[in-house]
file data-v4.cif (mmCIF, C-alpha atoms)
data_structure
loop_
_atom_site.group_PDB
_atom_site.id
_atom_site.type_symbol
_atom_site.label_atom_id
_atom_site.label_comp_id
_atom_site.auth_asym_id
_atom_site.auth_seq_id
_atom_site.Cartn_x
_atom_site.Cartn_y
_atom_site.Cartn_z
ATOM 1 C CA LEU A 1 -47.112 11.762 -68.678
ATOM 2 C CA ALA A 2 -48.634 9.075 -70.869
ATOM 3 C CA ASP A 3 -50.342 11.848 -72.848
ATOM 4 C CA ASP A 4 -46.961 13.509 -73.416
ATOM 5 C CA LEU A 5 -45.562 10.217 -74.662
ATOM 6 C CA GLU A 6 -48.453 9.714 -77.076
ATOM 7 C CA LYS A 7 -48.146 13.309 -78.275
ATOM 8 C CA ALA A 8 -44.418 12.849 -78.953
ATOM 9 C CA ARG A 9 -45.108 9.611 -80.850
ATOM 10 C CA ARG A 10 -47.754 11.301 -82.993
ATOM 11 C CA GLN A 11 -45.349 14.152 -83.713
ATOM 12 C CA LEU A 12 -42.677 11.641 -84.748
ATOM 13 C CA SER A 13 -45.032 9.833 -87.109
ATOM 14 C CA LYS A 14 -46.073 13.201 -88.581
ATOM 15 C CA GLU A 15 -42.449 14.152 -89.144
ATOM 16 C CA GLN A 16 -41.685 10.784 -90.715
ATOM 17 C CA SER A 17 -44.620 10.986 -93.097
ATOM 18 C CA LYS A 18 -44.203 14.693 -93.829
ATOM 19 C CA SER A 19 -40.622 14.971 -94.953
ATOM 20 C CA PRO A 20 -38.365 11.940 -94.855
ATOM 21 C CA GLU A 21 -35.651 13.984 -96.542
ATOM 22 C CA ASP A 22 -35.381 16.389 -93.533
ATOM 23 C CA PRO A 23 -33.508 14.363 -90.878
ATOM 24 C CA SER A 24 -33.317 17.219 -88.319
ATOM 25 C CA GLY A 25 -37.084 17.276 -87.681
ATOM 26 C CA ILE A 26 -37.224 13.502 -87.418
ATOM 27 C CA GLU A 27 -34.206 13.427 -85.123
ATOM 28 C CA ARG A 28 -35.710 16.081 -82.856
ATOM 29 C CA ALA A 29 -39.004 14.168 -82.731
ATOM 30 C CA GLU A 30 -37.156 10.925 -81.939
ATOM 31 C CA GLN A 31 -35.342 12.704 -79.088
ATOM 32 C CA ASP A 32 -38.677 13.955 -77.752
ATOM 33 C CA VAL A 33 -40.094 10.433 -77.880
ATOM 34 C CA GLN A 34 -37.022 9.022 -76.151
ATOM 35 C CA TYR A 35 -37.212 11.705 -73.418
ATOM 36 C CA ALA A 36 -40.935 11.038 -72.868
ATOM 37 C CA GLU A 37 -40.358 7.274 -72.738
ATOM 38 C CA ASP A 38 -37.517 7.694 -70.240
ATOM 39 C CA ALA A 39 -39.624 9.954 -68.026
ATOM 40 C CA HIS A 40 -42.577 7.565 -68.248
ATOM 41 C CA ASN A 41 -40.453 4.501 -67.441
ATOM 42 C CA THR A 42 -38.717 6.252 -64.537
ATOM 43 C CA LEU A 43 -41.991 7.332 -62.999
ATOM 44 C CA ASN A 44 -43.526 3.904 -63.622
ATOM 45 C CA ARG A 45 -40.621 2.098 -61.882
ATOM 46 C CA THR A 46 -40.818 4.532 -58.960
ATOM 47 C CA LEU A 47 -44.556 3.971 -58.556
ATOM 48 C CA ILE A 48 -44.204 0.203 -58.821
ATOM 49 C CA ALA A 49 -41.586 0.303 -56.059
ATOM 50 C CA GLU A 50 -43.301 2.861 -53.796
ATOM 51 C CA ILE A 51 -46.983 1.887 -53.903
ATOM 52 C CA PRO A 52 -46.501 -1.463 -52.099
ATOM 53 C CA LYS A 53 -44.458 0.340 -49.435
ATOM 54 C CA LEU A 54 -47.224 2.891 -49.020
ATOM 55 C CA ILE A 55 -49.857 0.178 -48.687
ATOM 56 C CA ASN A 56 -47.763 -1.696 -46.119
ATOM 57 C CA THR A 57 -47.156 1.427 -44.018
ATOM 58 C CA ARG A 58 -50.848 2.267 -44.186
ATOM 59 C CA VAL A 59 -51.524 -0.747 -41.976
ATOM 60 C CA TYR A 60 -49.253 0.641 -39.258
ATOM 61 C CA VAL A 61 -51.199 3.887 -39.245
ATOM 62 C CA THR A 62 -54.728 2.640 -39.864
ATOM 63 C CA ASP A 63 -54.853 -0.239 -37.402
ATOM 64 C CA PRO A 64 -53.866 1.776 -34.295
ATOM 65 C CA SER A 65 -56.142 4.626 -35.350
ATOM 66 C CA PHE A 66 -59.067 2.274 -35.818
ATOM 67 C CA GLU A 67 -58.333 0.593 -32.500
ATOM 68 C CA ALA A 68 -58.255 3.975 -30.737
ATOM 69 C CA PHE A 69 -61.546 4.905 -32.416
ATOM 70 C CA VAL A 70 -63.220 1.697 -31.253
ATOM 71 C CA LYS A 71 -61.912 2.144 -27.705
ATOM 72 C CA THR A 72 -63.161 5.730 -27.651
ATOM 73 C CA GLN A 73 -66.596 4.582 -28.783
ATOM 74 C CA LEU A 74 -66.616 1.855 -26.155
ATOM 75 C CA GLN A 75 -65.764 4.392 -23.440
ATOM 76 C CA PHE A 76 -68.423 6.824 -24.689
ATOM 77 C CA PHE A 77 -71.169 4.205 -24.774
ATOM 78 C CA SER A 78 -70.153 2.769 -21.395
ATOM 79 C CA ASP A 79 -70.333 6.233 -19.835
ATOM 80 C CA SER A 80 -73.678 6.857 -21.552
ATOM 81 C CA LEU A 81 -75.043 3.579 -20.226
ATOM 82 C CA GLN A 82 -73.965 4.468 -16.686
ATOM 83 C CA ASN A 83 -75.543 7.914 -16.956
ATOM 84 C CA MET A 84 -78.767 6.432 -18.312
ATOM 85 C CA ALA A 85 -78.826 3.941 -15.436
ATOM 86 C CA VAL A 86 -78.753 6.879 -13.000
ATOM 87 C CA VAL A 87 -81.599 8.558 -14.888
ATOM 88 C CA GLN A 88 -83.551 5.306 -14.948
ATOM 89 C CA GLN A 89 -83.260 5.004 -11.161
ATOM 90 C CA ARG A 90 -84.798 8.465 -10.783
ATOM 91 C CA LEU A 91 -87.791 7.571 -12.959
ATOM 92 C CA PRO A 92 -90.781 5.937 -11.337
ATOM 93 C CA SER A 93 -90.870 2.194 -11.770
ATOM 94 C CA VAL A 94 -93.160 0.912 -14.467
ATOM 95 C CA GLY A 95 -95.488 -1.704 -13.085
ATOM 96 C CA GLY A 96 -98.016 -2.144 -15.861
ATOM 97 C CA PRO A 97 -99.880 -0.547 -18.717
ATOM 98 C CA GLY A 98 -101.631 1.941 -16.376
ATOM 99 C CA ASP A 99 -98.296 3.464 -15.385
ATOM 100 C CA ASP A 100 -97.563 4.280 -19.007
ATOM 101 C CA SER A 101 -100.553 6.566 -19.176
ATOM 102 C CA VAL A 102 -99.384 8.473 -16.064
ATOM 103 C CA LEU A 103 -95.937 8.910 -17.527
ATOM 104 C CA ASP A 104 -97.426 9.929 -20.882
ATOM 105 C CA GLU A 105 -99.574 12.517 -19.130
ATOM 106 C CA ARG A 106 -96.561 13.964 -17.280
ATOM 107 C CA ILE A 107 -94.611 14.142 -20.540
ATOM 108 C CA GLU A 108 -97.524 15.853 -22.277
ATOM 109 C CA ASN A 109 -97.750 18.411 -19.451
ATOM 110 C CA VAL A 110 -94.054 19.223 -19.776
ATOM 111 C CA MET A 111 -94.333 19.445 -23.563
ATOM 112 C CA SER A 112 -97.307 21.826 -23.302
ATOM 113 C CA GLN A 113 -95.236 24.054 -20.988
ATOM 114 C CA VAL A 114 -92.395 24.017 -23.518
ATOM 115 C CA ARG A 115 -94.811 24.871 -26.340
ATOM 116 C CA SER A 116 -96.156 27.805 -24.367
ATOM 117 C CA LEU A 117 -92.699 29.370 -24.085
ATOM 118 C CA ASN A 118 -91.994 32.340 -26.327
ATOM 119 C CA ILE A 119 -88.905 30.721 -27.801
ATOM 120 C CA CYS A 120 -91.024 27.957 -29.321
ATOM 121 C CA THR A 121 -93.437 30.371 -30.981
ATOM 122 C CA LEU A 122 -90.823 32.369 -32.882
ATOM 123 C CA ASN A 123 -91.288 32.355 -36.626
ATOM 124 C CA VAL A 124 -87.802 31.748 -37.932
#

call {"tool": "encode", "arguments": {"input": "data-v4.cif", "output": "structure tokens"}}
result
Amino acid sequence: LADDLEKARRQLSKEQSKSPEDPSGIERAEQDVQYAEDAHNTLNRTLIAEIPKLINTRVYVTDPSFEAFVKTQLQFFSDSLQNMAVVQQRLPSVGGPGDDSVLDERIENVMSQVRSLNICTLNV
């Protein structure tokens, strides 16, 4: 809209410099400038009035949404922690550095079984 206003102003200055004796072209250009200014001012007033309202209503939408998101994350991580606690109870207790090697060996055995499966050797 600002481009239209500038275009109308340039056209008016062209008409004024081109033929000052032809008032119809100048009058038409002045009407175009006036129309563009009115449209620009109307839209500008509307935006100045509406943007603060939009920003204020954003808070009423964003805050509850963010709160719901945080609560959902809290629930997810609480459930995950409980599930991991159950898994941890099933694992053998770690008593020292020697137990790590036993657990590492068991993990390596399982990984070698997984590697030997046909699905792992597919060339995709």

call {"tool": "resolve_selection", "arguments": {"input": "data-v4.cif", "expression": "the PyMOL selection byres ((chain A and resi 2-16) around 12)", "output": "ChimeraX atom specification"}}
result
/A:1,17-41,43-44

call {"tool": "write_last_selection", "arguments": {"input": "data-v4.cif", "atoms": "C-alpha atoms", "output": "PDB file, in the frame of the given file"}}
result
ATOM      1  CA  LEU A   1     -47.112  11.762 -68.678  1.00  0.00           C
ATOM      2  CA  SER A  17     -44.620  10.986 -93.097  1.00  0.00           C
ATOM      3  CA  LYS A  18     -44.203  14.693 -93.829  1.00  0.00           C
ATOM      4  CA  SER A  19     -40.622  14.971 -94.953  1.00  0.00           C
ATOM      5  CA  PRO A  20     -38.365  11.940 -94.855  1.00  0.00           C
ATOM      6  CA  GLU A  21     -35.651  13.984 -96.542  1.00  0.00           C
ATOM      7  CA  ASP A  22     -35.381  16.389 -93.533  1.00  0.00           C
ATOM      8  CA  PRO A  23     -33.508  14.363 -90.878  1.00  0.00           C
ATOM      9  CA  SER A  24     -33.317  17.219 -88.319  1.00  0.00           C
ATOM     10  CA  GLY A  25     -37.084  17.276 -87.681  1.00  0.00           C
ATOM     11  CA  ILE A  26     -37.224  13.502 -87.418  1.00  0.00           C
ATOM     12  CA  GLU A  27     -34.206  13.427 -85.123  1.00  0.00           C
ATOM     13  CA  ARG A  28     -35.710  16.081 -82.856  1.00  0.00           C
ATOM     14  CA  ALA A  29     -39.004  14.168 -82.731  1.00  0.00           C
ATOM     15  CA  GLU A  30     -37.156  10.925 -81.939  1.00  0.00           C
ATOM     16  CA  GLN A  31     -35.342  12.704 -79.088  1.00  0.00           C
ATOM     17  CA  ASP A  32     -38.677  13.955 -77.752  1.00  0.00           C
ATOM     18  CA  VAL A  33     -40.094  10.433 -77.880  1.00  0.00           C
ATOM     19  CA  GLN A  34     -37.022   9.022 -76.151  1.00  0.00           C
ATOM     20  CA  TYR A  35     -37.212  11.705 -73.418  1.00  0.00           C
ATOM     21  CA  ALA A  36     -40.935  11.038 -72.868  1.00  0.00           C
ATOM     22  CA  GLU A  37     -40.358   7.274 -72.738  1.00  0.00           C
ATOM     23  CA  ASP A  38     -37.517   7.694 -70.240  1.00  0.00           C
ATOM     24  CA  ALA A  39     -39.624   9.954 -68.026  1.00  0.00           C
ATOM     25  CA  HIS A  40     -42.577   7.565 -68.248  1.00  0.00           C
ATOM     26  CA  ASN A  41     -40.453   4.501 -67.441  1.00  0.00           C
ATOM     27  CA  LEU A  43     -41.991   7.332 -62.999  1.00  0.00           C
ATOM     28  CA  ASN A  44     -43.526   3.904 -63.622  1.00  0.00           C
TER      29      ASN A  44
END

call {"tool": "atom_distance", "arguments": {"input": "data-v4.cif", "atom1": "CA of Gln82 (chain A)", "atom2": "CA of Val70 (chain A)"}}
result
18.3 Å

call {"tool": "atom_distance", "arguments": {"input": "data-v4.cif", "atom1": "CA of Asp100 (chain A)", "atom2": "CA of Ala85 (chain A)"}}
result
19.1 Å

call {"tool": "atom_distance", "arguments": {"input": "data-v4.cif", "atom1": "CA of Leu91 (chain A)", "atom2": "CA of Thr72 (chain A)"}}
result
28.7 Å
